[in-house]
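File shown: structure_22.cif. Contents: mmCIF, C-alpha atoms.
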data_protein
#
loop_
_atom_site.label_atom_id
_atom_site.label_comp_id
_atom_site.auth_asym_id
_atom_site.auth_seq_id
_atom_site.Cartn_x
_atom_site.Cartn_y
_atom_site.Cartn_z
CA MET A 6 0.00 0.00 0.00
CA LEU A 7 2.79 2.43 0.87
CA LEU A 8 4.38 1.66 -2.48
CA LEU A 9 1.17 2.82 -4.19
CA VAL A 10 1.18 6.05 -2.16
CA GLU A 11 4.78 6.70 -3.21
CA HIS A 12 4.07 5.79 -6.83
CA PHE A 13 1.02 8.05 -7.17
CA ASN A 14 2.75 10.84 -5.26
CA ARG A 15 5.77 10.80 -7.61
CA GLN A 16 3.60 10.37 -10.73
CA ILE A 17 1.34 13.32 -9.91
CA ALA A 18 4.24 15.52 -8.77
CA THR A 19 6.19 14.82 -11.96
CA ALA A 20 3.18 15.57 -14.17
CA ALA A 21 2.67 18.89 -12.35
CA GLY A 22 6.39 19.78 -12.32
CA GLU A 23 6.42 19.80 -8.51
CA ASP A 24 8.28 18.04 -5.73
CA PRO A 25 6.50 15.04 -4.20
CA LEU A 26 4.54 15.55 -1.00
CA GLU A 27 6.05 14.48 2.32
CA PHE A 28 3.69 12.38 4.47
CA SER A 29 3.97 12.29 8.26
CA GLN A 30 4.02 8.89 9.92
CA GLU A 31 0.57 9.48 11.43
CA ALA A 32 -0.84 10.33 7.98
CA LEU A 33 0.70 7.16 6.53
CA ASP A 34 -0.71 5.13 9.44
CA ALA A 35 -4.18 6.55 8.77
CA LEU A 36 -3.88 5.73 5.06
CA LEU A 37 -2.89 2.16 5.96
CA ALA A 38 -5.74 1.77 8.45
CA TYR A 39 -8.43 3.00 6.04
CA GLN A 40 -10.50 0.30 4.28
CA TRP A 41 -10.41 1.94 0.78
CA PRO A 42 -13.89 1.08 -0.51
CA GLY A 43 -13.01 2.76 -3.83
CA ASN A 44 -9.81 0.72 -4.00
CA VAL A 45 -6.76 1.99 -5.94
CA ARG A 46 -8.72 4.65 -7.83
CA GLU A 47 -9.84 6.25 -4.56
CA LEU A 48 -6.24 6.33 -3.30
CA ARG A 49 -4.97 7.93 -6.52
CA ASN A 50 -7.75 10.54 -6.43
CA LEU A 51 -6.92 11.38 -2.81
CA ILE A 52 -3.22 11.86 -3.61
CA GLY A 53 -4.21 14.11 -6.53
CA ARG A 54 -6.51 16.18 -4.29
CA LEU A 55 -3.76 16.53 -1.71
CA HIS A 56 -1.40 17.87 -4.38
CA VAL A 57 -3.97 20.50 -5.32
CA LEU A 58 -5.41 21.42 -1.93
CA ALA A 59 -2.52 21.01 0.52
CA ARG A 60 -1.27 24.23 2.07
CA GLY A 61 2.31 23.01 1.92
CA ARG A 62 4.40 20.04 0.90
CA ASP A 63 4.14 18.32 4.31
CA ILE A 64 1.00 16.22 4.72
CA GLY A 65 -0.20 15.51 8.23
CA LEU A 66 -3.25 13.81 9.64
CA HIS A 67 -5.12 17.14 9.54
CA ASP A 68 -4.76 17.26 5.74
CA LEU A 69 -6.63 13.99 5.22
CA PRO A 70 -10.42 13.76 4.81
CA GLY A 71 -12.33 13.06 8.02
CA GLU A 72 -13.31 9.53 7.09
CA ILE A 73 -9.63 8.63 6.69
CA ALA A 74 -8.17 10.68 9.52
CA ALA A 75 -11.08 9.65 11.82
CA PRO A 76 -10.71 12.65 14.12
CA SER A 77 -12.46 12.58 17.43
CA ALA A 78 -15.11 15.19 18.01
CA THR A 79 -16.26 16.98 21.12
CA SER A 80 -19.86 16.71 22.22
CA ASP A 81 -21.96 19.68 23.33
CA ASP A 82 -21.11 18.86 26.95
CA GLY A 83 -17.34 18.90 26.22
CA LYS A 84 -16.78 15.13 26.20
CA THR A 85 -14.55 13.63 23.52
CA LEU A 86 -16.49 11.45 21.12
CA SER A 87 -15.24 8.86 18.72
CA ALA A 88 -16.55 5.60 17.34
CA GLU A 89 -14.46 3.82 19.98
CA SER A 90 -15.36 5.92 23.01
CA PRO A 91 -17.95 4.50 25.40
CA GLY A 92 -21.24 6.36 25.07
CA GLY A 93 -20.06 8.13 21.93
CA THR A 94 -21.92 6.98 18.87
CA LEU A 95 -20.72 7.44 15.35
CA VAL A 96 -23.78 9.60 14.63
CA GLU A 97 -22.96 11.90 17.56
CA ALA A 98 -19.31 12.14 16.51
CA GLU A 99 -20.24 12.89 12.89
CA ARG A 100 -22.81 15.51 13.93
CA GLN A 101 -20.30 17.25 16.18
CA ALA A 102 -17.56 17.06 13.55
CA MET A 103 -19.91 18.84 11.15
CA LYS A 104 -20.64 21.55 13.72
CA ASN A 105 -16.93 21.96 14.41
CA ALA A 106 -16.15 22.25 10.68
CA LEU A 107 -18.94 24.81 10.23
CA ALA A 108 -17.49 26.91 13.04
CA ALA A 109 -13.90 26.53 11.80
CA GLU A 110 -14.83 27.52 8.24
CA GLY A 111 -17.09 30.41 9.24
CA GLY A 112 -20.14 28.69 7.75
CA ASN A 113 -18.63 28.52 4.23
CA LEU A 114 -20.24 25.30 2.99
CA SER A 115 -17.78 24.71 0.15
CA ARG A 116 -14.86 24.79 2.59
CA VAL A 117 -16.79 22.71 5.14
CA ALA A 118 -17.44 19.99 2.54
CA ARG A 119 -13.77 20.05 1.51
CA ARG A 120 -12.61 19.92 5.15
CA LEU A 121 -14.85 16.92 5.80
CA GLY A 122 -13.89 15.21 2.55
CA ILE A 123 -17.48 15.01 1.28
CA SER A 124 -19.39 16.54 -1.61
CA ARG A 125 -21.65 19.55 -1.12
CA PRO A 126 -24.82 17.52 -1.85
CA THR A 127 -23.74 15.02 0.82
CA LEU A 128 -23.08 17.90 3.21
CA TYR A 129 -26.58 19.32 2.58
CA ARG A 130 -28.15 15.90 3.14
CA LYS A 131 -26.21 15.39 6.38
CA LEU A 132 -27.06 18.88 7.65
CA ASP A 133 -30.74 18.12 7.08
CA GLN A 134 -30.40 14.63 8.57
CA TYR A 135 -28.84 15.97 11.78
CA GLY A 136 -31.11 19.00 12.00
CA ILE A 137 -28.24 21.46 11.67
CA ARG A 138 -29.41 24.68 10.08
CA ARG A 139 -27.24 25.90 7.22
CA GLY A 140 -27.16 29.40 8.69
CA PHE A 141 -26.09 27.79 11.98
CA LEU A 142 -23.54 30.46 12.88
#
Represent the structure from my file as structure tokens, please.
Amino acid sequence: MLLLVEHFNRQIATAAGEDPLEFSQEALDALLAYQWPGNVRELRNLIGRLHVLARGRDIGLHDLPGEIAAPSATSDDGKTLSAESPGGTLVEAERQAMKNALAAEGGNLSRVARRLGISRPTLYRKLDQYGIRRGFL
């Protein structure tokens, strides 16, 4: 798997006339732990997006989409939520992650979708599903 990351990274960098990205160990660990439902094509697309959207050449866990990085979220009462934490459901963690992204991006839905690694239509559907108003801020 790491060989594919290196291959796609070099291939995309060469085509763009850039230096390859540098992945932190935690980012590589997250890439290895992810199930890759879209298989090799999904991995290549992610590496391509990172080349375009990364703010620098160093890629950390924070640069990866939420479903790959699997960040923990904080509930309304300040408790840390994750799929593994007792009492923290995946739905609660996802809902809070969306609220956190909305706050961090000042309500800009395009940036929120990008931060969460989802499309805007998926973001709209999730906002409706969780009862989060789009003008939430």
**OP:** Apply the PyMOL selection byres ((chain A and resi 28) around 8) to the displayed file and report the matching residues as an NGL selection string.
**Re:** :A and (26-27 or 29-30 or 32-33 or 63-65)
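For the pair atom CA of Lys104 of chain A and atom CA of Arg49 of chain A, the interatomic distance is 29.0 Å.
When all atoms listed in the file are used to compute distances to Glu97 of chain A, the closest of the residues A:Arg54, A:Tyr135, A:Met6, A:Trp41 turns out to be A:Tyr135.
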Subject >> Near-Gly122 of chain A list (9 Å; all atoms listed in the file; drop same-chain fewer than 2 positions) as a count of residues only >> reply: 10
Subject >> One-decimal distance in Å that lies between atom CA of Arg125 of chain A and atom CA of Phe13 of chain A >> reply: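 One can read the atom CA of Phe13 of chain A to atom CA of Arg125 of chain A distance as 26.1 Å.
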Subject >> Computed interatomic separation between atom CA of Pro126 of chain A and atom CA of Asn50 of chain A (Å) >> reply: 19.0 Å
**OP:** May I ask which of the residues A:Leu107, A:Ala102, A:Arg46, A:Leu7 is the closest one to Asp34 of chain A, counting all atoms listed in the file?
**Re:** A:Leu7
With 5 Å on each side, where is the centre of the axis-aligned box around all listed atoms of segment 69-75 of chain A, and how long are its edges in Å to one decimal, as JSON?
{"center_x": -10.0, "center_y": 11.3, "center_z": 8.3, "size_x": 16.7, "size_y": 15.4, "size_z": 17.0}
